[in-house]
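coords-v3.cif (mmCIF, C-alpha atoms, pLDDT in the B column; chains and numbers go by the auth columns) appears below.
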```
data_upload
loop_
_atom_site.group_PDB
_atom_site.id
_atom_site.type_symbol
_atom_site.label_atom_id
_atom_site.label_comp_id
_atom_site.label_asym_id
_atom_site.label_seq_id
_atom_site.Cartn_x
_atom_site.Cartn_y
_atom_site.Cartn_z
_atom_site.B_iso_or_equiv
_atom_site.auth_seq_id
_atom_site.auth_asym_id
ATOM 1 C CA MET A 1 -12.973 -28.404 -0.679 52.00 149 P
ATOM 2 C CA SER A 2 -15.754 -28.741 -3.210 70.00 150 P
ATOM 3 C CA ASP A 3 -16.077 -27.193 -6.637 87.00 151 P
ATOM 4 C CA ALA A 4 -19.349 -25.682 -5.442 89.00 152 P
ATOM 5 C CA LEU A 5 -17.563 -23.837 -2.627 91.00 153 P
ATOM 6 C CA ALA A 6 -14.865 -22.534 -4.977 90.00 154 P
ATOM 7 C CA ARG A 7 -17.589 -21.348 -7.386 91.00 155 P
ATOM 8 C CA ALA A 8 -19.452 -19.615 -4.534 93.00 156 P
ATOM 9 C CA VAL A 9 -16.296 -17.841 -3.288 92.00 157 P
ATOM 10 C CA GLU A 10 -15.459 -16.855 -6.882 92.00 158 P
ATOM 11 C CA ALA A 11 -18.949 -15.392 -7.393 93.00 159 P
ATOM 12 C CA VAL A 12 -18.861 -13.422 -4.140 93.00 160 P
ATOM 13 C CA LEU A 13 -15.413 -11.975 -4.902 92.00 161 P
ATOM 14 C CA PHE A 14 -16.386 -11.142 -8.479 90.00 162 P
ATOM 15 C CA ALA A 15 -19.483 -9.221 -7.355 90.00 163 P
ATOM 16 C CA ALA A 16 -17.814 -7.459 -4.412 89.00 164 P
ATOM 17 C CA GLU A 17 -17.173 -3.726 -4.650 88.00 165 P
ATOM 18 C CA ALA A 18 -14.087 -3.957 -2.420 89.00 166 P
ATOM 19 C CA PRO A 19 -11.595 -6.630 -1.335 92.00 167 P
ATOM 20 C CA LEU A 20 -13.068 -9.093 1.182 92.00 168 P
ATOM 21 C CA SER A 21 -11.604 -10.770 4.260 93.00 169 P
ATOM 22 C CA ILE A 22 -11.981 -14.481 4.952 91.00 170 P
ATOM 23 C CA GLU A 23 -14.580 -13.696 7.622 93.00 171 P
ATOM 24 C CA GLU A 24 -16.601 -11.607 5.146 93.00 172 P
ATOM 25 C CA LEU A 25 -16.454 -14.448 2.621 93.00 173 P
ATOM 26 C CA ARG A 26 -17.613 -16.938 5.270 93.00 174 P
ATOM 27 C CA ALA A 27 -20.599 -14.691 5.982 92.00 175 P
ATOM 28 C CA HIS A 28 -21.701 -15.365 2.382 92.00 176 P
ATOM 29 C CA VAL A 29 -20.732 -19.018 1.882 91.00 177 P
ATOM 30 C CA GLY A 30 -21.049 -20.503 5.358 89.00 178 P
ATOM 31 C CA ALA A 31 -19.267 -20.117 8.677 86.00 179 P
ATOM 32 C CA GLN A 32 -17.723 -23.613 8.550 88.00 180 P
ATOM 33 C CA ALA A 33 -16.615 -23.407 4.905 88.00 181 P
ATOM 34 C CA ASP A 34 -12.946 -23.986 4.006 91.00 182 P
ATOM 35 C CA VAL A 35 -12.578 -20.529 2.469 92.00 183 P
ATOM 36 C CA ARG A 36 -8.761 -20.633 2.629 91.00 184 P
ATOM 37 C CA GLY A 37 -8.765 -23.851 0.604 92.00 185 P
ATOM 38 C CA ALA A 38 -11.181 -22.356 -1.930 92.00 186 P
ATOM 39 C CA LEU A 39 -8.998 -19.242 -2.259 93.00 187 P
ATOM 40 C CA ALA A 40 -5.897 -21.401 -2.802 91.00 188 P
ATOM 41 C CA ALA A 41 -7.706 -23.389 -5.517 92.00 189 P
ATOM 42 C CA LEU A 42 -8.915 -20.190 -7.206 92.00 190 P
ATOM 43 C CA GLU A 43 -5.437 -18.675 -6.994 90.00 191 P
ATOM 44 C CA ARG A 44 -4.021 -21.728 -8.812 91.00 192 P
ATOM 45 C CA PHE A 45 -6.847 -21.700 -11.364 92.00 193 P
ATOM 46 C CA TYR A 46 -6.389 -18.024 -12.251 91.00 194 P
ATOM 47 C CA ALA A 47 -2.554 -18.114 -12.316 89.00 195 P
ATOM 48 C CA GLY A 48 -1.375 -17.052 -15.777 88.00 196 P
ATOM 49 C CA ARG A 49 -4.797 -15.832 -16.927 91.00 197 P
ATOM 50 C CA GLY A 50 -5.987 -12.326 -17.841 90.00 198 P
ATOM 51 C CA ILE A 51 -7.283 -11.740 -14.339 91.00 199 P
ATOM 52 C CA GLU A 52 -5.761 -12.931 -11.096 90.00 200 P
ATOM 53 C CA LEU A 53 -6.837 -13.457 -7.527 90.00 201 P
ATOM 54 C CA VAL A 54 -4.648 -11.363 -5.244 89.00 202 P
ATOM 55 C CA ARG A 55 -4.275 -10.836 -1.515 89.00 203 P
ATOM 56 C CA ARG A 56 -3.888 -7.287 -0.195 87.00 204 P
ATOM 57 C CA GLY A 57 -3.257 -7.308 3.523 85.00 205 P
ATOM 58 C CA GLU A 58 -5.832 -9.747 4.866 88.00 206 P
ATOM 59 C CA ARG A 59 -8.304 -9.163 2.027 93.00 207 P
ATOM 60 C CA TRP A 60 -8.798 -10.816 -1.365 92.00 208 P
ATOM 61 C CA HIS A 61 -9.985 -9.514 -4.743 92.00 209 P
ATOM 62 C CA PHE A 62 -9.720 -10.036 -8.493 91.00 210 P
ATOM 63 C CA GLN A 63 -7.645 -7.681 -10.636 88.00 211 P
ATOM 64 C CA THR A 64 -6.291 -7.475 -14.148 86.00 212 P
ATOM 65 C CA ALA A 65 -3.057 -9.431 -14.533 86.00 213 P
ATOM 66 C CA ALA A 66 -0.145 -7.052 -13.949 81.00 214 P
ATOM 67 C CA ASP A 67 1.486 -7.885 -17.291 85.00 215 P
ATOM 68 C CA LEU A 68 -1.717 -6.855 -19.133 84.00 216 P
ATOM 69 C CA ALA A 69 -2.416 -3.609 -17.279 79.00 217 P
ATOM 70 C CA HIS A 70 -0.877 -1.589 -20.140 77.00 218 P
ATOM 71 C CA LEU A 71 -3.841 -2.593 -22.314 79.00 219 P
ATOM 72 C CA LEU A 72 -6.211 -0.689 -20.046 73.00 220 P
ATOM 73 C CA ARG A 73 -4.163 2.432 -19.349 67.00 221 P
ATOM 74 C CA ARG A 74 -5.534 4.480 -22.236 61.00 222 P
ATOM 75 C CA ASP A 75 -9.048 4.302 -20.752 49.00 223 P
ATOM 76 C CA ARG A 76 -7.886 5.524 -17.399 48.00 224 P
ATOM 77 C CA GLU A 77 -7.982 9.155 -16.399 53.00 225 P
ATOM 78 C CA ASP A 78 -4.688 10.716 -15.411 52.00 226 P
ATOM 79 C CA SER A 79 -5.023 12.140 -11.951 61.00 227 P
ATOM 80 C CA ARG A 80 -3.048 15.110 -10.767 64.00 228 P
ATOM 81 C CA LYS A 81 0.388 14.466 -9.403 80.00 229 P
ATOM 82 C CA LEU A 82 1.194 14.645 -5.720 81.00 230 P
ATOM 83 C CA SER A 83 3.356 17.526 -4.592 84.00 231 P
ATOM 84 C CA ARG A 84 6.814 16.792 -3.210 86.00 232 P
ATOM 85 C CA ALA A 85 5.443 17.521 0.287 88.00 233 P
ATOM 86 C CA GLY A 86 2.623 15.035 -0.351 88.00 234 P
ATOM 87 C CA ILE A 87 5.021 12.322 -1.498 87.00 235 P
ATOM 88 C CA GLU A 88 7.331 12.882 1.470 88.00 236 P
ATOM 89 C CA THR A 89 4.410 12.896 3.909 90.00 237 P
ATOM 90 C CA LEU A 90 2.961 9.693 2.423 90.00 238 P
ATOM 91 C CA ALA A 91 6.357 7.974 2.642 87.00 239 P
ATOM 92 C CA ILE A 92 6.810 9.024 6.274 90.00 240 P
ATOM 93 C CA ILE A 93 3.349 7.755 7.196 91.00 241 P
ATOM 94 C CA ALA A 94 3.912 4.453 5.352 89.00 242 P
ATOM 95 C CA TYR A 95 7.291 3.760 6.951 88.00 243 P
ATOM 96 C CA HIS A 96 6.543 5.069 10.482 89.00 244 P
ATOM 97 C CA GLU A 97 2.820 4.510 11.033 88.00 245 P
ATOM 98 C CA PRO A 98 1.015 5.312 13.198 91.00 246 P
ATOM 99 C CA VAL A 99 2.527 8.785 13.218 93.00 247 P
ATOM 100 C CA THR A 100 1.354 12.251 14.351 92.00 248 P
ATOM 101 C CA ARG A 101 1.620 15.521 12.442 92.00 249 P
ATOM 102 C CA ALA A 102 4.376 16.701 14.829 91.00 250 P
ATOM 103 C CA GLU A 103 6.368 13.519 14.174 92.00 251 P
ATOM 104 C CA ILE A 104 5.972 13.988 10.402 91.00 252 P
ATOM 105 C CA GLU A 105 7.186 17.582 10.718 91.00 253 P
ATOM 106 C CA ALA A 106 10.158 16.492 12.860 91.00 254 P
ATOM 107 C CA ILE A 107 11.219 13.938 10.242 89.00 255 P
ATOM 108 C CA ARG A 108 10.708 16.313 7.285 87.00 256 P
ATOM 109 C CA GLY A 109 12.245 19.266 9.107 88.00 257 P
ATOM 110 C CA VAL A 110 9.480 21.638 7.991 89.00 258 P
ATOM 111 C CA GLN A 111 5.851 22.237 8.843 89.00 259 P
ATOM 112 C CA ILE A 112 3.200 20.633 6.667 88.00 260 P
ATOM 113 C CA SER A 113 -0.039 22.268 5.718 85.00 261 P
ATOM 114 C CA LYS A 114 -3.299 20.644 6.740 77.00 262 P
ATOM 115 C CA GLY A 115 -4.113 20.378 3.034 88.00 263 P
ATOM 116 C CA THR A 116 -1.291 17.888 2.442 90.00 264 P
ATOM 117 C CA ILE A 117 -2.799 15.262 4.724 91.00 265 P
ATOM 118 C CA ASP A 118 -6.286 16.110 3.430 90.00 266 P
ATOM 119 C CA VAL A 119 -5.189 15.309 -0.150 90.00 267 P
ATOM 120 C CA LEU A 120 -3.791 11.952 0.989 92.00 268 P
ATOM 121 C CA MET A 121 -7.017 11.188 2.864 91.00 269 P
ATOM 122 C CA GLU A 122 -9.154 12.164 -0.159 90.00 270 P
ATOM 123 C CA ALA A 123 -7.070 9.807 -2.318 88.00 271 P
ATOM 124 C CA GLY A 124 -7.958 7.049 0.164 89.00 272 P
ATOM 125 C CA TRP A 125 -4.317 6.326 1.041 92.00 273 P
ATOM 126 C CA VAL A 126 -4.224 7.718 4.604 93.00 274 P
ATOM 127 C CA ARG A 127 -6.686 7.496 7.485 93.00 275 P
ATOM 128 C CA PRO A 128 -6.864 8.699 11.085 93.00 276 P
ATOM 129 C CA ALA A 129 -5.532 5.941 13.359 92.00 277 P
ATOM 130 C CA GLY A 130 -6.548 7.070 16.827 91.00 278 P
ATOM 131 C CA ARG A 131 -4.878 9.454 19.238 92.00 279 P
ATOM 132 C CA ARG A 132 -1.454 9.230 20.891 90.00 280 P
ATOM 133 C CA GLU A 133 -1.738 8.924 24.678 90.00 281 P
ATOM 134 C CA VAL A 134 0.377 12.003 25.452 90.00 282 P
ATOM 135 C CA PRO A 135 -0.597 15.526 26.518 90.00 283 P
ATOM 136 C CA GLY A 136 -2.785 17.121 23.881 89.00 284 P
ATOM 137 C CA ARG A 137 -3.688 13.656 22.507 92.00 285 P
ATOM 138 C CA PRO A 138 -2.594 14.374 18.914 92.00 286 P
ATOM 139 C CA LEU A 139 -4.244 12.519 16.054 92.00 287 P
ATOM 140 C CA MET A 140 -2.189 9.719 14.482 93.00 288 P
ATOM 141 C CA TYR A 141 -2.245 8.728 10.806 93.00 289 P
ATOM 142 C CA ALA A 142 -1.758 5.380 9.052 93.00 290 P
ATOM 143 C CA THR A 143 -2.044 4.010 5.520 91.00 291 P
ATOM 144 C CA THR A 144 -5.144 2.226 4.204 91.00 292 P
ATOM 145 C CA GLN A 145 -5.994 -0.881 2.186 89.00 293 P
ATOM 146 C CA GLY A 146 -6.424 1.554 -0.742 88.00 294 P
ATOM 147 C CA PHE A 147 -2.748 2.520 -0.386 88.00 295 P
ATOM 148 C CA LEU A 148 -1.711 -1.133 -0.539 87.00 296 P
ATOM 149 C CA SER A 149 -3.925 -1.779 -3.562 86.00 297 P
ATOM 150 C CA HIS A 150 -2.824 1.325 -5.461 84.00 298 P
ATOM 151 C CA PHE A 151 0.860 0.556 -5.025 83.00 299 P
ATOM 152 C CA GLY A 152 0.483 -3.223 -5.514 82.00 300 P
ATOM 153 C CA LEU A 153 1.623 -4.197 -2.024 84.00 301 P
ATOM 154 C CA ALA A 154 0.403 -7.219 -0.081 83.00 302 P
ATOM 155 C CA SER A 155 1.458 -5.506 3.166 83.00 303 P
ATOM 156 C CA ARG A 156 3.704 -2.682 4.401 81.00 304 P
ATOM 157 C CA ARG A 157 6.526 -5.218 4.719 81.00 305 P
ATOM 158 C CA ASP A 158 6.722 -5.092 0.898 79.00 306 P
ATOM 159 C CA LEU A 159 7.843 -1.443 0.938 79.00 307 P
ATOM 160 C CA PRO A 160 11.351 -1.079 -0.497 76.00 308 P
ATOM 161 C CA GLY A 161 14.274 -0.829 1.918 76.00 309 P
ATOM 162 C CA ILE A 162 17.249 1.561 1.720 73.00 310 P
ATOM 163 C CA ASP A 163 19.297 -0.873 -0.403 74.00 311 P
ATOM 164 C CA ASP A 164 16.391 -1.269 -2.862 69.00 312 P
ATOM 165 C CA LEU A 165 16.077 2.511 -3.170 66.00 313 P
ATOM 166 C CA LYS A 166 19.826 2.924 -3.779 68.00 314 P
ATOM 167 C CA ALA A 167 19.794 0.167 -6.397 69.00 315 P
ATOM 168 C CA ALA A 168 16.878 1.823 -8.198 65.00 316 P
ATOM 169 C CA GLY A 169 18.659 5.208 -8.167 64.00 317 P
ATOM 170 C CA LEU A 170 15.854 6.807 -6.195 61.00 318 P
ATOM 171 C CA LEU A 171 17.996 8.360 -3.485 62.00 319 P
ATOM 172 C CA ASP A 172 19.226 11.902 -3.955 62.00 320 P
ATOM 173 C CA PRO A 173 22.476 11.728 -5.986 59.00 321 P
ATOM 174 C CA VAL A 174 23.860 14.771 -4.112 58.00 322 P
ATOM 175 C CA ASP A 175 23.541 12.927 -0.790 56.00 323 P
ATOM 176 C CA LEU A 176 25.179 9.816 -2.243 54.00 324 P
ATOM 177 C CA ALA A 177 28.047 11.922 -3.706 57.00 325 P
ATOM 178 C CA LEU A 178 28.608 13.686 -0.365 57.00 326 P
ATOM 179 C CA GLU A 179 28.598 10.344 1.409 60.00 327 P
ATOM 180 C CA ALA A 180 31.195 8.945 -1.029 60.00 328 P
ATOM 181 C CA GLU A 181 33.352 12.121 -0.779 62.00 329 P
ATOM 182 C CA THR A 182 33.288 12.015 3.014 59.00 330 P
ATOM 183 C CA SER A 183 34.416 8.390 3.070 58.00 331 P
ATOM 184 C CA GLU A 184 37.231 9.150 0.546 57.00 332 P
ATOM 185 C CA THR A 185 38.454 12.131 2.613 52.00 333 P
ATOM 186 C CA VAL A 186 38.668 9.969 5.731 49.00 334 P
ATOM 187 C CA THR A 187 40.600 7.302 3.806 49.00 335 P
ATOM 188 C CA ASP A 188 42.994 9.873 2.243 49.00 336 P
ATOM 189 C CA GLY A 189 43.653 11.629 5.553 50.00 337 P
ATOM 190 C CA GLU A 190 44.724 8.461 7.399 50.00 338 P
#
```

As structure tokens:
Amino acid sequence: MSDALARAVEAVLFAAEAPLSIEELRAHVGAQADVRGALAALERFYAGRGIELVRRGERWHFQTAADLAHLLRRDREDSRKLSRAGIETLAIIAYHEPVTRAEIEAIRGVQISKGTIDVLMEAGWVRPAGRREVPGRPLMYATTQGFLSHFGLASRRDLPGIDDLKAAGLLDPVDLALEAETSETVTDGE
């Protein structure tokens, strides 16, 4: 890989409005170019600097180094918070995608308003993902590259698991207390 190729890939990524795939980069720098090698060289070059080259899904872009993001927060507008229904719906879509509205409602145990999914789509975190091949052909929903970027995930595989959520104290303490009490009652009764 040449320095010229790395410079060309760097320039294209720097000027891009959105993360680019390897194929999109090749369209700019040449179909036979070793874009993967150039990306690896750039990743090494930018490691430990104020900006970094990151991969989100199968796309690449530059971003502020995570440890320096606090320097830029004051210039950023605070957006409105998601409702509890919005957070639950987003989590269900992320963990079960592609998923239909009926499946979301079955998991949540309550109906969701159309506005909840609309808010997630307006935020750029959820998109329509085709139709399920069942009677009525309901619309399915999935997360977007914007979701991955916003939450700093390379892919959906980076979503926390149940053990991670317990360790972080993010599961409902009432549920955890009931679970512990139930296991103690069974032990005491034997």

(request) Using the chain letters and residue numbers of this document, give as a ChimeraX atom specification the residues selected by the PyMOL selection byres ((chain P and resi 188-190) around 9). (result) /P:149,154-155,157-158,183-187,191-195,200-201

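Atom CA of Phe295 of chain P is positioned 17.5 Å from atom CA of Gly309 of chain P.
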
(message) My list of candidates is P:Ala217, P:Leu287, P:Val247, P:Ile235. Which is closest to Thr264 of chain P when distances are computed with all atoms listed in the file?
(response) P:Ile235

Once the PyMOL selection byres ((chain P and resi 273) around 6) has been evaluated on this model, what residues remain selected, and can you format them as an mmCIF file with C-alpha atoms, in the frame of the given file?
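New file expr08.cif:
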```cif
data_model
loop_
_atom_site.group_PDB
_atom_site.id
_atom_site.type_symbol
_atom_site.label_atom_id
_atom_site.label_comp_id
_atom_site.auth_asym_id
_atom_site.auth_seq_id
_atom_site.Cartn_x
_atom_site.Cartn_y
_atom_site.Cartn_z
ATOM 1 C CA LEU P 268 -3.791 11.952 0.989
ATOM 2 C CA MET P 269 -7.017 11.188 2.864
ATOM 3 C CA ALA P 271 -7.070 9.807 -2.318
ATOM 4 C CA GLY P 272 -7.958 7.049 0.164
ATOM 5 C CA VAL P 274 -4.224 7.718 4.604
ATOM 6 C CA THR P 291 -2.044 4.010 5.520
ATOM 7 C CA THR P 292 -5.144 2.226 4.204
ATOM 8 C CA GLY P 294 -6.424 1.554 -0.742
ATOM 9 C CA PHE P 295 -2.748 2.520 -0.386
#
```

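Distances to Glu245 of chain P were evaluated for P:Val267, P:Gly257, P:Ala290, P:Ala175 using only C-alpha atoms, and the minimum falls at P:Ala290.
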
Residue by residue, what does the PyMOL selection byres ((chain P and resi 231) around 12) grab here? Present the result as an mmCIF file with C-alpha atoms, in the frame of the given file.
```
data_model
loop_
_atom_site.group_PDB
_atom_site.id
_atom_site.type_symbol
_atom_site.label_atom_id
_atom_site.label_comp_id
_atom_site.auth_asym_id
_atom_site.auth_seq_id
_atom_site.Cartn_x
_atom_site.Cartn_y
_atom_site.Cartn_z
ATOM 1 C CA ARG P 228 -3.048 15.110 -10.767
ATOM 2 C CA LYS P 229 0.388 14.466 -9.403
ATOM 3 C CA LEU P 230 1.194 14.645 -5.720
ATOM 4 C CA ARG P 232 6.814 16.792 -3.210
ATOM 5 C CA ALA P 233 5.443 17.521 0.287
ATOM 6 C CA GLY P 234 2.623 15.035 -0.351
ATOM 7 C CA ILE P 235 5.021 12.322 -1.498
ATOM 8 C CA GLU P 236 7.331 12.882 1.470
ATOM 9 C CA THR P 237 4.410 12.896 3.909
ATOM 10 C CA LEU P 238 2.961 9.693 2.423
ATOM 11 C CA ILE P 260 3.200 20.633 6.667
ATOM 12 C CA SER P 261 -0.039 22.268 5.718
ATOM 13 C CA GLY P 263 -4.113 20.378 3.034
ATOM 14 C CA THR P 264 -1.291 17.888 2.442
ATOM 15 C CA ILE P 265 -2.799 15.262 4.724
ATOM 16 C CA VAL P 267 -5.189 15.309 -0.150
ATOM 17 C CA LEU P 268 -3.791 11.952 0.989
#
```

Set up a box along x, y and z of the file covering all listed atoms of segment 197-215 of chain P, add 5 Å on every one of the six sides, and write the centre and edge lengths in Å to one decimal, as AutoDock Vina command-line options.
```
--center_x -4.2 --center_y -11.4 --center_z -6.5 --size_x 21.5 --size_y 18.8 --size_z 32.7
```

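Distance-wise, atom CA of Gly196 of chain P and atom CA of Ala213 of chain P end up 7.9 Å apart.
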
(request) Would you kindly return, as a list in words, each protein, DNA or RNA residue with an atom no farther than 7 Å from any atom of Pro246 of chain P, considering only C-alpha atoms and excluding same-chain residues fewer than 2 positions away? (result) Ile241, His244, Ala277, Met288, Tyr289 and Ala290 of chain P

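With all atoms listed in the file as the basis for measurement, P:Arg275 is the residue among P:Arg174, P:Arg197, P:Arg275, P:Arg256 that approaches Gln293 of chain P most closely.
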
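Shortest atom-to-atom contact with Ser303 of chain P among P:Gly205, P:Thr248, P:Pro276, P:Asp215: P:Gly205, counting only C-alpha atoms.
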
(request) Grab the atom CA of Gln180 of chain P to atom CA of Ala152 of chain P distance for me, in Å with one decimal place. (result) 14.2 Å
